[in-house]
Amino acid sequence: MATRGLRIRGQLVLEESIDQSYIPSEQAGAGPTVVGQRGEGGAAARRVENISTWDHPCDEQYCQLVLQERKSTQHSRAAPPAASAAVGKDEEKEKKDPKGVRAPGEFCAAAETLLVPEQIRFPDQERFKEMAAYVENRWGLPQCIGAIDGSHIPIIAPQDYHCDYFNRKGWHSIILQGVVDGKGLFWNVFTGLPVSLHDARVLRLSTLWELASRGNHIPASTKNIAGVNVGYYILGDSAYPLQNWLLKPFIETGRLTAEQRVYNVKISRARVVVENAFGRLKGRWRCLMKRNDCAVDLVKSMVLTCCALHNLCESHGEAYESAWDPPTAAEPVLGLAQPVEEEGRDVREALMRYLNS
């Protein structure tokens with residue numbers, strides 16, 4: 001004698017004892033046909049004819065429950081392959097059109113190849129002349145072709161030499177050195193060095209220093225100012241070394257003359273253009289204001305791309321809202337500057353006399 005049971009939704013609904021030696025009679029054999037006749041059509045009923053071989057008032061209910069259970073079971077078994085196929089299509093779509101970390105890298109690589117060289121390039125002779133005329137008309141500084149400054153770009157701690165990227169504000173960053181014209185457009189950028197380097201050191205490691213020092217970049221177009229032949233120059237803060245092509249304020253010692261103070265005020269008014277350019281750059285491209293978790297090389301590519309896009313927006317007069325301005329937080333203080341042989345005192349003195357005349 002064997003026993004078997006039928007369970008639906010985890011509950012035992014029918015239990016039978018089967019005698020293996022029992023030989024059904026003709027009348028007993030008509031049982032399944034009776035069950036089939038009470039079902040919804042012969043075909044449907046025959047699928048459950050092995051449920052019971054005797055007539056019972058609840059047979060019809062149990063037949064329906066079994067049919068429903070089998071349908072739901074078949075549906076649940078068929079669902080996973082369909083879901084897997086959908087996932088496979090999504091994965092295939094991701095491979096063809098990735099939207100993860102590869103997308104910014106590919107875009108920035110293309111921008112570096114096509115957009116950056118077009119939007120950020122060394123001015124030619126005619127362009128230098130236009131830049132100098134604009135600054136002189138706006139701030140009264142003859143021969144000035146722009147301003148230079150540095151800004152910090154937050155990053156995640158690199159795996160190698162991470163201490164070099166840790167600034168005094170308590171976070172990791174790289175330096176963006178930018179030179180802009182009087183309209184706030186970048187015409188020279190240099191980025192990627194760790195924050196532990198002073199602005200003067202970053203300048204000396206850039207191609208701008210090499211080209212300007214050799215006279216290969218800034219054309220030798222001079223103008224007599226207070227008896228001194230003054231060429232084109234850019235403005236920097238006190239962190240930069242004084243050069244014939246890079247003028248900075250007199251260091252405040254508490255004993256500056258009235259003429260020196262006037263000079264400091266007037267060049268500071270013009271130099272603010274580079275600070276505003278950094279503000280508008282980060283205001284438009286907010287990714288430069290928060291910690292970037294990408295590798296340093298990719299962050300550098302992003303910075304160059306954003307600078308090129310900044311120039312594109314500014315030159316086409318794209319609207320900028322003051323609400324986008326980043327918080328006026330002070331930049332992290334850098335280490336002490338390395339001694340650099342300075343020159344250009346006569347140029348600065350001549351400009352000071354011109355601004356006080």
# chains A, B, ... in the order shown; residues from 1 in each chain; ligands from 1
>>> select_by_dssp(residues="stretch 144-327 of chain A", states="alpha helix (DSSP H)", output="PyMOL selection string")
chain A and resi 199-205+207-214+258-284+296-315
>>> residues_around(residues="A:Asp325", least_positions_apart="2", cutoff="8 Å", atoms="only C-alpha atoms", output="PyMOL selection string")
chain A and resi 279-280+282-283+321-323+327
>>> write_last_selection(atoms="all heavy atoms", output="tab-separated table (two decimals), in the first residue's frame")
chain	number	residue	atom	x	y	z
A	279	GLY	N	35.87	81.86	-11.16
A	279	GLY	CA	34.54	81.76	-10.56
A	279	GLY	C	33.48	81.35	-11.56
A	279	GLY	O	32.63	80.50	-11.29
A	280	ARG	N	33.51	81.96	-12.73
A	280	ARG	CA	32.53	81.63	-13.77
A	280	ARG	C	32.79	80.23	-14.33
A	280	ARG	O	31.84	79.51	-14.70
A	280	ARG	CB	32.56	82.67	-14.88
A	280	ARG	CG	32.08	84.04	-14.42
A	280	ARG	CD	32.38	85.13	-15.44
A	280	ARG	NE	31.52	85.06	-16.60
A	280	ARG	CZ	30.36	85.72	-16.72
A	280	ARG	NH1	29.92	86.48	-15.73
A	280	ARG	NH2	29.64	85.63	-17.82
A	282	LYS	N	33.96	77.59	-12.64
A	282	LYS	CA	33.42	76.62	-11.69
A	282	LYS	C	31.91	76.79	-11.51
A	282	LYS	O	31.22	75.84	-11.14
A	282	LYS	CB	34.14	76.76	-10.35
A	282	LYS	CG	35.61	76.38	-10.42
A	282	LYS	CD	36.28	76.46	-9.05
A	282	LYS	CE	37.71	75.99	-9.12
A	282	LYS	NZ	38.38	76.03	-7.79
A	283	GLY	N	31.41	78.02	-11.73
A	283	GLY	CA	29.98	78.22	-11.63
A	283	GLY	C	29.23	77.47	-12.71
A	283	GLY	O	28.15	76.93	-12.47
A	321	GLU	N	24.29	83.31	-14.75
A	321	GLU	CA	23.52	83.82	-13.62
A	321	GLU	C	24.41	83.93	-12.38
A	321	GLU	O	25.21	83.04	-12.11
A	321	GLU	CB	22.33	82.90	-13.34
A	321	GLU	CG	21.35	82.80	-14.50
A	321	GLU	CD	20.15	81.92	-14.17
A	321	GLU	OE1	19.99	81.58	-12.97
A	321	GLU	OE2	19.40	81.57	-15.09
A	322	SER	N	24.25	85.03	-11.66
A	322	SER	CA	25.07	85.24	-10.46
A	322	SER	C	24.82	84.17	-9.41
A	322	SER	O	25.69	83.92	-8.56
A	322	SER	CB	24.77	86.63	-9.87
A	322	SER	OG	23.40	86.75	-9.56
A	323	ALA	N	23.65	83.52	-9.47
A	323	ALA	CA	23.36	82.46	-8.50
A	323	ALA	C	24.28	81.26	-8.68
A	323	ALA	O	24.40	80.42	-7.78
A	323	ALA	CB	21.90	82.02	-8.64
A	327	PRO	N	30.80	79.56	-3.70
A	327	PRO	CA	31.00	80.27	-2.42
A	327	PRO	C	32.37	80.94	-2.39
A	327	PRO	O	33.36	80.41	-2.92
A	327	PRO	CB	30.91	79.15	-1.38
A	327	PRO	CG	30.15	78.06	-2.06
A	327	PRO	CD	30.50	78.14	-3.51
>>> closest_residue(among="A:Lys183, A:His152, A:Arg214, A:Arg255", to="A:Tyr165", atoms="only C-alpha atoms")
A:His152
>>> select_by_dssp(residues="stretch 96-293 of chain A", states="strand (DSSP E)", output="ChimeraX atom specification")
/A:144-154,173-180,186-194,223-225,228-230,233-235,246-247
>>> atom_distance(atom1="atom CA of A:Pro194", atom2="atom CA of A:Ile174")
4.8 Å
>>> atom_distance(atom1="atom CA of A:Ala212", atom2="atom CA of A:Trp245")
7.4 Å
>>> closest_residue(among="A:Gly182, A:Gly254, A:Pro326, A:Pro249", to="A:Met131", atoms="only C-alpha atoms")
A:Gly182
>>> atom_distance(atom1="atom CA of A:Arg291", atom2="atom CA of A:Ala157")
9.7 Å
>>> closest_residue(among="A:Glu343, A:Asn311, A:Gly192, A:His172", to="A:Pro241", atoms="only C-alpha atoms")
A:Glu343
>>> residues_around(residues="A:Tyr354", least_positions_apart="3", cutoff="12 Å", atoms="only C-alpha atoms", output="ChimeraX atom specification")
/A:140-142,224-228,230,259-260,262-263,266,347-351,357
>>> write_last_selection(atoms="C-alpha atoms", output="PDB file, in the first residue's frame")
ATOM      1  CA  GLY A 140      44.371 102.177 -18.173  1.00  0.00           C
ATOM      2  CA  LEU A 141      47.286  99.716 -18.140  1.00  0.00           C
ATOM      3  CA  PRO A 142      49.365  99.953 -21.330  1.00  0.00           C
ATOM      4  CA  ASN A 224      58.055 103.744 -24.118  1.00  0.00           C
ATOM      5  CA  ILE A 225      56.466 104.221 -20.685  1.00  0.00           C
ATOM      6  CA  ALA A 226      58.044 106.826 -18.399  1.00  0.00           C
ATOM      7  CA  GLY A 227      61.345 106.486 -20.214  1.00  0.00           C
ATOM      8  CA  VAL A 228      61.472 102.686 -20.195  1.00  0.00           C
ATOM      9  CA  VAL A 230      58.058  98.111 -21.826  1.00  0.00           C
ATOM     10  CA  GLU A 259      52.753 105.964  -5.409  1.00  0.00           C
ATOM     11  CA  GLN A 260      53.278 102.296  -4.642  1.00  0.00           C
ATOM     12  CA  VAL A 262      48.204 103.635  -6.118  1.00  0.00           C
ATOM     13  CA  TYR A 263      50.042 101.162  -8.323  1.00  0.00           C
ATOM     14  CA  LYS A 266      45.139  99.847 -10.031  1.00  0.00           C
ATOM     15  CA  VAL A 347      59.419  98.006 -15.716  1.00  0.00           C
ATOM     16  CA  ARG A 348      57.330  98.033 -12.555  1.00  0.00           C
ATOM     17  CA  GLU A 349      58.774 101.376 -11.451  1.00  0.00           C
ATOM     18  CA  ALA A 350      58.042 102.872 -14.859  1.00  0.00           C
ATOM     19  CA  LEU A 351      54.452 101.663 -14.780  1.00  0.00           C
ATOM     20  CA  SER A 357      51.063 110.881 -13.525  1.00  0.00           C
TER      21      SER A 357
END
>>> closest_residue(among="A:Gln119, A:Asn229, A:Asn264, A:Ser206", to="A:Thr305", atoms="only C-alpha atoms")
A:Gln119
>>> closest_residue(among="A:Cys294, A:Ile145, A:Leu67, A:Cys313", to="A:Leu247", atoms="only C-alpha atoms")
A:Ile145
>>> closest_residue(among="A:Phe166, A:Trp187, A:Tyr161, A:Trp171", to="A:Glu118", atoms="only C-alpha atoms")
A:Trp187
>>> residues_around(residues="A:Gly178", least_positions_apart="6", cutoff="8 Å", atoms="only C-alpha atoms", output="list in words")
Ile148, Asp149, Gly150, Phe186, Trp187, Asn188, Val189, Phe190 and Val274 of chain A
>>> write_last_selection(atoms="C-alpha atoms", output="compact mmCIF listing (two decimals), in the first residue's frame")
# COMPACT_ATOMS: atom_id res chain seq x y z
CA ILE A 148 47.63 84.78 -14.23
CA ASP A 149 46.49 82.90 -11.13
CA GLY A 150 46.06 79.41 -9.73
CA PHE A 186 41.76 81.49 -21.11
CA TRP A 187 44.63 81.61 -23.55
CA ASN A 188 46.99 79.42 -21.56
CA VAL A 189 46.22 76.68 -19.02
CA PHE A 190 48.41 74.23 -17.15
CA VAL A 274 41.33 86.08 -13.66
>>> decode(residues="stretch 268-281 of chain A", atoms="all heavy atoms", output="PDB file, in the first residue's frame")
ATOM      1  N   SER A 268      45.505  95.680  -9.121  1.00  0.00           N
ATOM      2  CA  SER A 268      44.609  94.710  -8.480  1.00  0.00           C
ATOM      3  C   SER A 268      43.224  94.753  -9.110  1.00  0.00           C
ATOM      4  O   SER A 268      42.554  93.728  -9.234  1.00  0.00           O
ATOM      5  CB  SER A 268      44.513  94.978  -6.978  1.00  0.00           C
ATOM      6  OG  SER A 268      45.758  94.757  -6.344  1.00  0.00           O
ATOM      7  N   ARG A 269      42.777  95.938  -9.506  1.00  0.00           N
ATOM      8  CA  ARG A 269      41.484  96.057 -10.179  1.00  0.00           C
ATOM      9  C   ARG A 269      41.470  95.294 -11.501  1.00  0.00           C
ATOM     10  O   ARG A 269      40.464  94.693 -11.873  1.00  0.00           O
ATOM     11  CB  ARG A 269      41.162  97.533 -10.421  1.00  0.00           C
ATOM     12  CG  ARG A 269      40.822  98.312  -9.162  1.00  0.00           C
ATOM     13  CD  ARG A 269      40.660  99.780  -9.489  1.00  0.00           C
ATOM     14  NE  ARG A 269      40.337 100.576  -8.290  1.00  0.00           N
ATOM     15  CZ  ARG A 269      40.309 101.906  -8.262  1.00  0.00           C
ATOM     16  NH1 ARG A 269      40.562 102.599  -9.394  1.00  0.00           N
ATOM     17  NH2 ARG A 269      40.018 102.543  -7.144  1.00  0.00           N
ATOM     18  N   ALA A 270      42.597  95.336 -12.200  1.00  0.00           N
ATOM     19  CA  ALA A 270      42.673  94.632 -13.476  1.00  0.00           C
ATOM     20  C   ALA A 270      42.889  93.128 -13.268  1.00  0.00           C
ATOM     21  O   ALA A 270      42.342  92.308 -14.014  1.00  0.00           O
ATOM     22  CB  ALA A 270      43.797  95.209 -14.332  1.00  0.00           C
ATOM     23  N   ARG A 271      43.647  92.789 -12.247  1.00  0.00           N
ATOM     24  CA  ARG A 271      43.970  91.378 -12.022  1.00  0.00           C
ATOM     25  C   ARG A 271      42.761  90.561 -11.576  1.00  0.00           C
ATOM     26  O   ARG A 271      42.743  89.337 -11.698  1.00  0.00           O
ATOM     27  CB  ARG A 271      45.090  91.263 -10.980  1.00  0.00           C
ATOM     28  CG  ARG A 271      45.757  89.907 -10.925  1.00  0.00           C
ATOM     29  CD  ARG A 271      46.863  89.897  -9.895  1.00  0.00           C
ATOM     30  NE  ARG A 271      46.353  90.231  -8.572  1.00  0.00           N
ATOM     31  CZ  ARG A 271      45.760  89.353  -7.767  1.00  0.00           C
ATOM     32  NH1 ARG A 271      45.598  88.105  -8.152  1.00  0.00           N
ATOM     33  NH2 ARG A 271      45.324  89.722  -6.577  1.00  0.00           N
ATOM     34  N   VAL A 272      41.723  91.218 -11.081  1.00  0.00           N
ATOM     35  CA  VAL A 272      40.540  90.495 -10.611  1.00  0.00           C
ATOM     36  C   VAL A 272      39.848  89.750 -11.755  1.00  0.00           C
ATOM     37  O   VAL A 272      39.024  88.852 -11.510  1.00  0.00           O
ATOM     38  CB  VAL A 272      39.560  91.470  -9.925  1.00  0.00           C
ATOM     39  CG1 VAL A 272      38.816  92.308 -10.948  1.00  0.00           C
ATOM     40  CG2 VAL A 272      38.587  90.732  -9.017  1.00  0.00           C
ATOM     41  N   VAL A 273      40.182  90.072 -13.001  1.00  0.00           N
ATOM     42  CA  VAL A 273      39.540  89.414 -14.137  1.00  0.00           C
ATOM     43  C   VAL A 273      39.827  87.912 -14.131  1.00  0.00           C
ATOM     44  O   VAL A 273      38.971  87.107 -14.518  1.00  0.00           O
ATOM     45  CB  VAL A 273      39.998  90.059 -15.462  1.00  0.00           C
ATOM     46  CG1 VAL A 273      41.472  89.818 -15.725  1.00  0.00           C
ATOM     47  CG2 VAL A 273      39.159  89.525 -16.623  1.00  0.00           C
ATOM     48  N   VAL A 274      41.011  87.504 -13.685  1.00  0.00           N
ATOM     49  CA  VAL A 274      41.329  86.076 -13.663  1.00  0.00           C
ATOM     50  C   VAL A 274      40.587  85.374 -12.531  1.00  0.00           C
ATOM     51  O   VAL A 274      40.168  84.218 -12.666  1.00  0.00           O
ATOM     52  CB  VAL A 274      42.854  85.849 -13.564  1.00  0.00           C
ATOM     53  CG1 VAL A 274      43.414  86.316 -12.227  1.00  0.00           C
ATOM     54  CG2 VAL A 274      43.191  84.371 -13.781  1.00  0.00           C
ATOM     55  N   GLU A 275      40.383  86.065 -11.423  1.00  0.00           N
ATOM     56  CA  GLU A 275      39.606  85.482 -10.325  1.00  0.00           C
ATOM     57  C   GLU A 275      38.152  85.303 -10.741  1.00  0.00           C
ATOM     58  O   GLU A 275      37.526  84.282 -10.424  1.00  0.00           O
ATOM     59  CB  GLU A 275      39.712  86.375  -9.092  1.00  0.00           C
ATOM     60  CG  GLU A 275      41.133  86.521  -8.555  1.00  0.00           C
ATOM     61  CD  GLU A 275      41.219  87.497  -7.390  1.00  0.00           C
ATOM     62  OE1 GLU A 275      40.148  88.030  -6.999  1.00  0.00           O
ATOM     63  OE2 GLU A 275      42.326  87.734  -6.884  1.00  0.00           O
ATOM     64  N   ASN A 276      37.627  86.289 -11.460  1.00  0.00           N
ATOM     65  CA  ASN A 276      36.258  86.167 -11.951  1.00  0.00           C
ATOM     66  C   ASN A 276      36.128  85.040 -12.972  1.00  0.00           C
ATOM     67  O   ASN A 276      35.106  84.340 -13.025  1.00  0.00           O
ATOM     68  CB  ASN A 276      35.801  87.481 -12.576  1.00  0.00           C
ATOM     69  CG  ASN A 276      35.631  88.584 -11.545  1.00  0.00           C
ATOM     70  OD1 ASN A 276      35.486  88.324 -10.353  1.00  0.00           O
ATOM     71  ND2 ASN A 276      35.671  89.836 -11.998  1.00  0.00           N
ATOM     72  N   ALA A 277      37.175  84.854 -13.772  1.00  0.00           N
ATOM     73  CA  ALA A 277      37.141  83.778 -14.777  1.00  0.00           C
ATOM     74  C   ALA A 277      37.082  82.418 -14.097  1.00  0.00           C
ATOM     75  O   ALA A 277      36.320  81.536 -14.524  1.00  0.00           O
ATOM     76  CB  ALA A 277      38.369  83.873 -15.683  1.00  0.00           C
ATOM     77  N   PHE A 278      37.868  82.231 -13.042  1.00  0.00           N
ATOM     78  CA  PHE A 278      37.811  80.971 -12.303  1.00  0.00           C
ATOM     79  C   PHE A 278      36.433  80.776 -11.674  1.00  0.00           C
ATOM     80  O   PHE A 278      35.902  79.663 -11.642  1.00  0.00           O
ATOM     81  CB  PHE A 278      38.888  80.939 -11.220  1.00  0.00           C
ATOM     82  CG  PHE A 278      40.269  80.609 -11.731  1.00  0.00           C
ATOM     83  CD1 PHE A 278      41.367  81.349 -11.326  1.00  0.00           C
ATOM     84  CD2 PHE A 278      40.464  79.558 -12.606  1.00  0.00           C
ATOM     85  CE1 PHE A 278      42.636  81.045 -11.791  1.00  0.00           C
ATOM     86  CE2 PHE A 278      41.728  79.247 -13.087  1.00  0.00           C
ATOM     87  CZ  PHE A 278      42.822  79.991 -12.684  1.00  0.00           C
ATOM     88  N   GLY A 279      35.865  81.862 -11.160  1.00  0.00           N
ATOM     89  CA  GLY A 279      34.540  81.758 -10.558  1.00  0.00           C
ATOM     90  C   GLY A 279      33.482  81.352 -11.561  1.00  0.00           C
ATOM     91  O   GLY A 279      32.629  80.495 -11.286  1.00  0.00           O
ATOM     92  N   ARG A 280      33.514  81.957 -12.731  1.00  0.00           N
ATOM     93  CA  ARG A 280      32.531  81.625 -13.765  1.00  0.00           C
ATOM     94  C   ARG A 280      32.787  80.227 -14.329  1.00  0.00           C
ATOM     95  O   ARG A 280      31.845  79.505 -14.698  1.00  0.00           O
ATOM     96  CB  ARG A 280      32.564  82.675 -14.877  1.00  0.00           C
ATOM     97  CG  ARG A 280      32.081  84.040 -14.420  1.00  0.00           C
ATOM     98  CD  ARG A 280      32.381  85.129 -15.440  1.00  0.00           C
ATOM     99  NE  ARG A 280      31.516  85.061 -16.597  1.00  0.00           N
ATOM    100  CZ  ARG A 280      30.357  85.716 -16.719  1.00  0.00           C
ATOM    101  NH1 ARG A 280      29.920  86.478 -15.730  1.00  0.00           N
ATOM    102  NH2 ARG A 280      29.643  85.632 -17.819  1.00  0.00           N
ATOM    103  N   LEU A 281      34.049  79.845 -14.408  1.00  0.00           N
ATOM    104  CA  LEU A 281      34.389  78.491 -14.860  1.00  0.00           C
ATOM    105  C   LEU A 281      33.759  77.441 -13.947  1.00  0.00           C
ATOM    106  O   LEU A 281      33.092  76.503 -14.406  1.00  0.00           O
ATOM    107  CB  LEU A 281      35.911  78.325 -14.891  1.00  0.00           C
ATOM    108  CG  LEU A 281      36.437  76.901 -15.123  1.00  0.00           C
ATOM    109  CD1 LEU A 281      36.161  76.450 -16.549  1.00  0.00           C
ATOM    110  CD2 LEU A 281      37.931  76.821 -14.806  1.00  0.00           C
TER     111      LEU A 281
END
